[in-house]
Structures are given as C-alpha cells and as structure tokens.
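In what follows, a single structure is set out as structure tokens and then discussed.
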Amino acid sequence: MSKIIPEIIHASEFDKCLHHLRKFRTIEEDLDRFKKVLLANYPDLKPWGLDVHIVKGVSGTEYMDVYIAKKFNCVYLKSTQKIRLVYTYDPWNNKIIFIEMYFKGDREIENINLIKNYLIKKKPQQEEVD
C-alpha cells in the first residue's frame with residue numbers, strides 16, 4: 001500500500017510571520033528545504049535531526065497535535081538554533097499546515113494564543129447524531 005503524501009499549506013498567520021523573516025535572505029530556500037525533509041520522512045511528522053517536539057500547553061489540541069521544529073536551518077544566519085517553525089497535521093484533509101515561524105532573537109517562545117486561535121478556526125465540526 002502506498003502512502004499519500006500530504007499537501008503543505010501556509011496559514012494566513014504563517015504568511016505574516018514569513019514576511020517579517022524575509023530580512024534573512026535565504027529564508028524562502030531554507031523553508032523549501034525544510035518542506036522536502038518533512039515530506040521525505042512522512043508519515044513521521046517529527047523527523048530525526050530537526051529537534052521536533054509537540055507543543056505543550058495548547059488546550060483544544062486533542063484532535064490535532066501541534067509540532068515545533070527547533071532546528072530549522074537558516075543558511076543566512078549560519079545556524080540551526082535561531083528560527084522556530086510551528087506546524088500541525090490535519091488528517092481529515094491530509095494537509096500539513098505551517099502556523100507560525102519566528103526568530104528567537106525577537107522572542108523566546110511560540111505564540112500560544114495565535115496557535116489556539118488557529119486551531120479553534122480549524123476544529124472539525126461534530127456531526128449531530130439522531
């Protein structure tokens with residue numbers, strides 16, 4: 001049985017973050033490389049070497065895990081330690097959704113409120129049973 005590779009999409013929140021990070025000239029190419037690694041390792045959403053963890057403290061994530069990659073390689077910064085990328089997997093639509101990306105020099109941790117708000121918008125609707 002062959003696996004169906006998911007589509008990677010950007011949440012509108014992510015596009016705003018990415019726009020802010022374009023000051024790092026290689027960020028687009030770095031993101032493309034990250035996507036290739038993520039898809040090459042699918043269905044493992046925590047590829048070895050990227051130091052990926054499940055984000056703790058996000059209520060309402062019982063239907064989707066939220067991941068943070070702590071070793072996002074940025075060629076311009078010559079480091080794997082300074083950029084963080086937050087994403088989730090939507091199993092109903094077979095999509096990996098990039099939610100947030102940030103520079104550790106600007107702030108230390110992910111924006112929990114941004115993640116919660118995104119997940120509230122994407123929460124699957126419960127079907128009513130008669």
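In the structure tokens, chains take letters A, B, ... by order of appearance, with residues numbered from 1 within each chain and ligands from 1 in the order shown.
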Q. Which residues, written as a list in words, have at least one atom at most 8 Å from Pro47 (chain A), with only C-alpha atoms counted and residues fewer than 6 positions away on the same chain left out?
A. Val37, Leu38 and Asn41 of chain A
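Distances here use only C-alpha atoms; by that measure, the residue among A:Val55, A:Pro6, A:Arg25, A:Gly49 closest to Trp92 (chain A) is A:Pro6.
CA of Ile9 (chain A) to CA of Ser79 (chain A) spans 24.8 Å [interatomic distance, one decimal].
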**Q.** Who sits within 9 Å of Phe98 (chain A), only C-alpha atoms, same chain under 5 positions skipped, as a ChimeraX atom specification
**A.** /A:8-11,13-15,85-89
Grab the residues selected above and save them as an mmCIF file, in the first residue's frame with N, CA and C atoms.
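File written: selection.cif
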data_model
loop_
_atom_site.group_PDB
_atom_site.id
_atom_site.type_symbol
_atom_site.label_atom_id
_atom_site.label_comp_id
_atom_site.auth_asym_id
_atom_site.auth_seq_id
_atom_site.Cartn_x
_atom_site.Cartn_y
_atom_site.Cartn_z
ATOM 1 N N ILE A 8 1.378 20.610 1.737
ATOM 2 C CA ILE A 8 1.803 21.574 2.759
ATOM 3 C C ILE A 8 1.204 22.922 2.397
ATOM 4 N N ILE A 9 0.494 23.503 3.357
ATOM 5 C CA ILE A 9 -0.101 24.820 3.132
ATOM 6 C C ILE A 9 0.337 25.768 4.240
ATOM 7 N N HIS A 10 0.199 27.049 3.972
ATOM 8 C CA HIS A 10 0.544 28.091 4.944
ATOM 9 C C HIS A 10 -0.746 28.714 5.470
ATOM 10 N N ALA A 11 -0.882 28.776 6.778
ATOM 11 C CA ALA A 11 -1.970 29.548 7.373
ATOM 12 C C ALA A 11 -1.680 31.022 7.113
ATOM 13 N N GLU A 13 -1.691 33.337 9.154
ATOM 14 C CA GLU A 13 -0.820 33.782 10.248
ATOM 15 C C GLU A 13 0.646 33.503 9.904
ATOM 16 N N PHE A 14 0.884 32.369 9.280
ATOM 17 C CA PHE A 14 2.243 31.988 8.913
ATOM 18 C C PHE A 14 2.803 32.928 7.853
ATOM 19 N N ASP A 15 1.984 33.274 6.878
ATOM 20 C CA ASP A 15 2.453 34.177 5.822
ATOM 21 C C ASP A 15 2.895 35.524 6.393
ATOM 22 N N LEU A 85 9.794 26.843 13.793
ATOM 23 C CA LEU A 85 8.655 26.680 12.895
ATOM 24 C C LEU A 85 7.608 25.809 13.590
ATOM 25 N N VAL A 86 6.383 26.313 13.658
ATOM 26 C CA VAL A 86 5.270 25.612 14.308
ATOM 27 C C VAL A 86 4.310 25.135 13.227
ATOM 28 N N TYR A 87 3.928 23.856 13.317
ATOM 29 C CA TYR A 87 3.025 23.296 12.314
ATOM 30 C C TYR A 87 2.137 22.221 12.924
ATOM 31 N N THR A 88 1.124 21.836 12.177
ATOM 32 C CA THR A 88 0.208 20.785 12.601
ATOM 33 C C THR A 88 -0.110 19.929 11.389
ATOM 34 N N TYR A 89 -0.752 18.788 11.656
ATOM 35 C CA TYR A 89 -1.189 17.908 10.579
ATOM 36 C C TYR A 89 -2.693 17.724 10.684
#
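In terms of minimum interatomic distance to Arg33 (chain A), A:Cys74 ranks closest within A:Cys74, A:Val58, A:Ala69, A:Cys17, counting only C-alpha atoms.
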Q. What residues in region 4-53 of chain A get the DSSP label helix (DSSP H, G or I)? Please answer as JSON, numbers by chain.
A. {"A": [12, 13, 14, 15, 16, 17, 18, 19, 20, 21, 27, 28, 29, 30, 31, 32, 33, 34, 35, 36, 37, 38, 39, 40]}
Q: Fewer than 4 positions away in the same chain doesn't count, so skip those; otherwise give me all residues within 12 Å of Phe72 (chain A), counting only C-alpha atoms, as a VMD selection string.
A: chain A and resid 27 29 to 35 37 to 38 47 49 to 52 68 76 to 86 101 to 104
Q: Identify all residues of chain A in strand (DSSP E) (DSSP on the backbone) and supply them as number ranges by chain.
A: A: 7-10, 52-54, 66-74, 79-90, 95-103
Output C-alpha atoms of each residue in that selection to a file, as an mmCIF file, in the first residue's frame.
data_model
loop_
_atom_site.group_PDB
_atom_site.id
_atom_site.type_symbol
_atom_site.label_atom_id
_atom_site.label_comp_id
_atom_site.auth_asym_id
_atom_site.auth_seq_id
_atom_site.Cartn_x
_atom_site.Cartn_y
_atom_site.Cartn_z
ATOM 1 C CA GLU A 7 -0.020 18.860 0.816
ATOM 2 C CA ILE A 8 1.803 21.574 2.759
ATOM 3 C CA ILE A 9 -0.101 24.820 3.132
ATOM 4 C CA HIS A 10 0.544 28.091 4.944
ATOM 5 C CA VAL A 52 10.816 18.490 16.682
ATOM 6 C CA HIS A 53 8.613 18.480 19.791
ATOM 7 C CA ILE A 54 4.901 18.515 20.435
ATOM 8 C CA VAL A 66 0.967 20.836 17.170
ATOM 9 C CA TYR A 67 4.684 20.487 16.455
ATOM 10 C CA ILE A 68 7.603 22.880 16.800
ATOM 11 C CA ALA A 69 10.836 22.384 14.861
ATOM 12 C CA LYS A 70 13.667 23.751 16.973
ATOM 13 C CA LYS A 71 16.442 23.097 14.450
ATOM 14 C CA PHE A 72 15.343 24.964 11.360
ATOM 15 C CA ASN A 73 18.484 25.527 9.293
ATOM 16 C CA CYS A 74 18.854 29.123 8.115
ATOM 17 C CA SER A 79 22.634 28.423 12.396
ATOM 18 C CA THR A 80 20.037 25.777 13.139
ATOM 19 C CA GLN A 81 19.203 27.250 16.526
ATOM 20 C CA LYS A 82 17.642 30.658 15.818
ATOM 21 C CA ILE A 83 14.477 30.028 13.764
ATOM 22 C CA ARG A 84 11.470 28.078 15.034
ATOM 23 C CA LEU A 85 8.655 26.680 12.895
ATOM 24 C CA VAL A 86 5.270 25.612 14.308
ATOM 25 C CA TYR A 87 3.025 23.296 12.314
ATOM 26 C CA THR A 88 0.208 20.785 12.601
ATOM 27 C CA TYR A 89 -1.189 17.908 10.579
ATOM 28 C CA ASP A 90 -4.833 17.807 9.515
ATOM 29 C CA LYS A 95 -2.503 18.558 4.936
ATOM 30 C CA ILE A 96 0.466 19.780 6.912
ATOM 31 C CA ILE A 97 -0.254 23.349 7.944
ATOM 32 C CA PHE A 98 2.502 25.784 8.837
ATOM 33 C CA ILE A 99 1.093 28.056 11.555
ATOM 34 C CA GLU A 100 3.952 30.189 12.811
ATOM 35 C CA MET A 101 7.634 30.906 12.233
ATOM 36 C CA TYR A 102 9.748 33.195 14.381
ATOM 37 C CA PHE A 103 13.280 34.350 15.101
#
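Neighbouring residues of Ile112 (chain A) at 10 Å or closer, counting only C-alpha atoms and skipping chain neighbours under 3 positions away, are Val55, Lys56, Gly57, Val58, Ser59, Ile109, Ile115, Lys116, Asn117 and Tyr118 of chain A.
The two atoms in question, CA of Asn93 (chain A) and CA of Ala40 (chain A), are spaced 18.8 Å apart.
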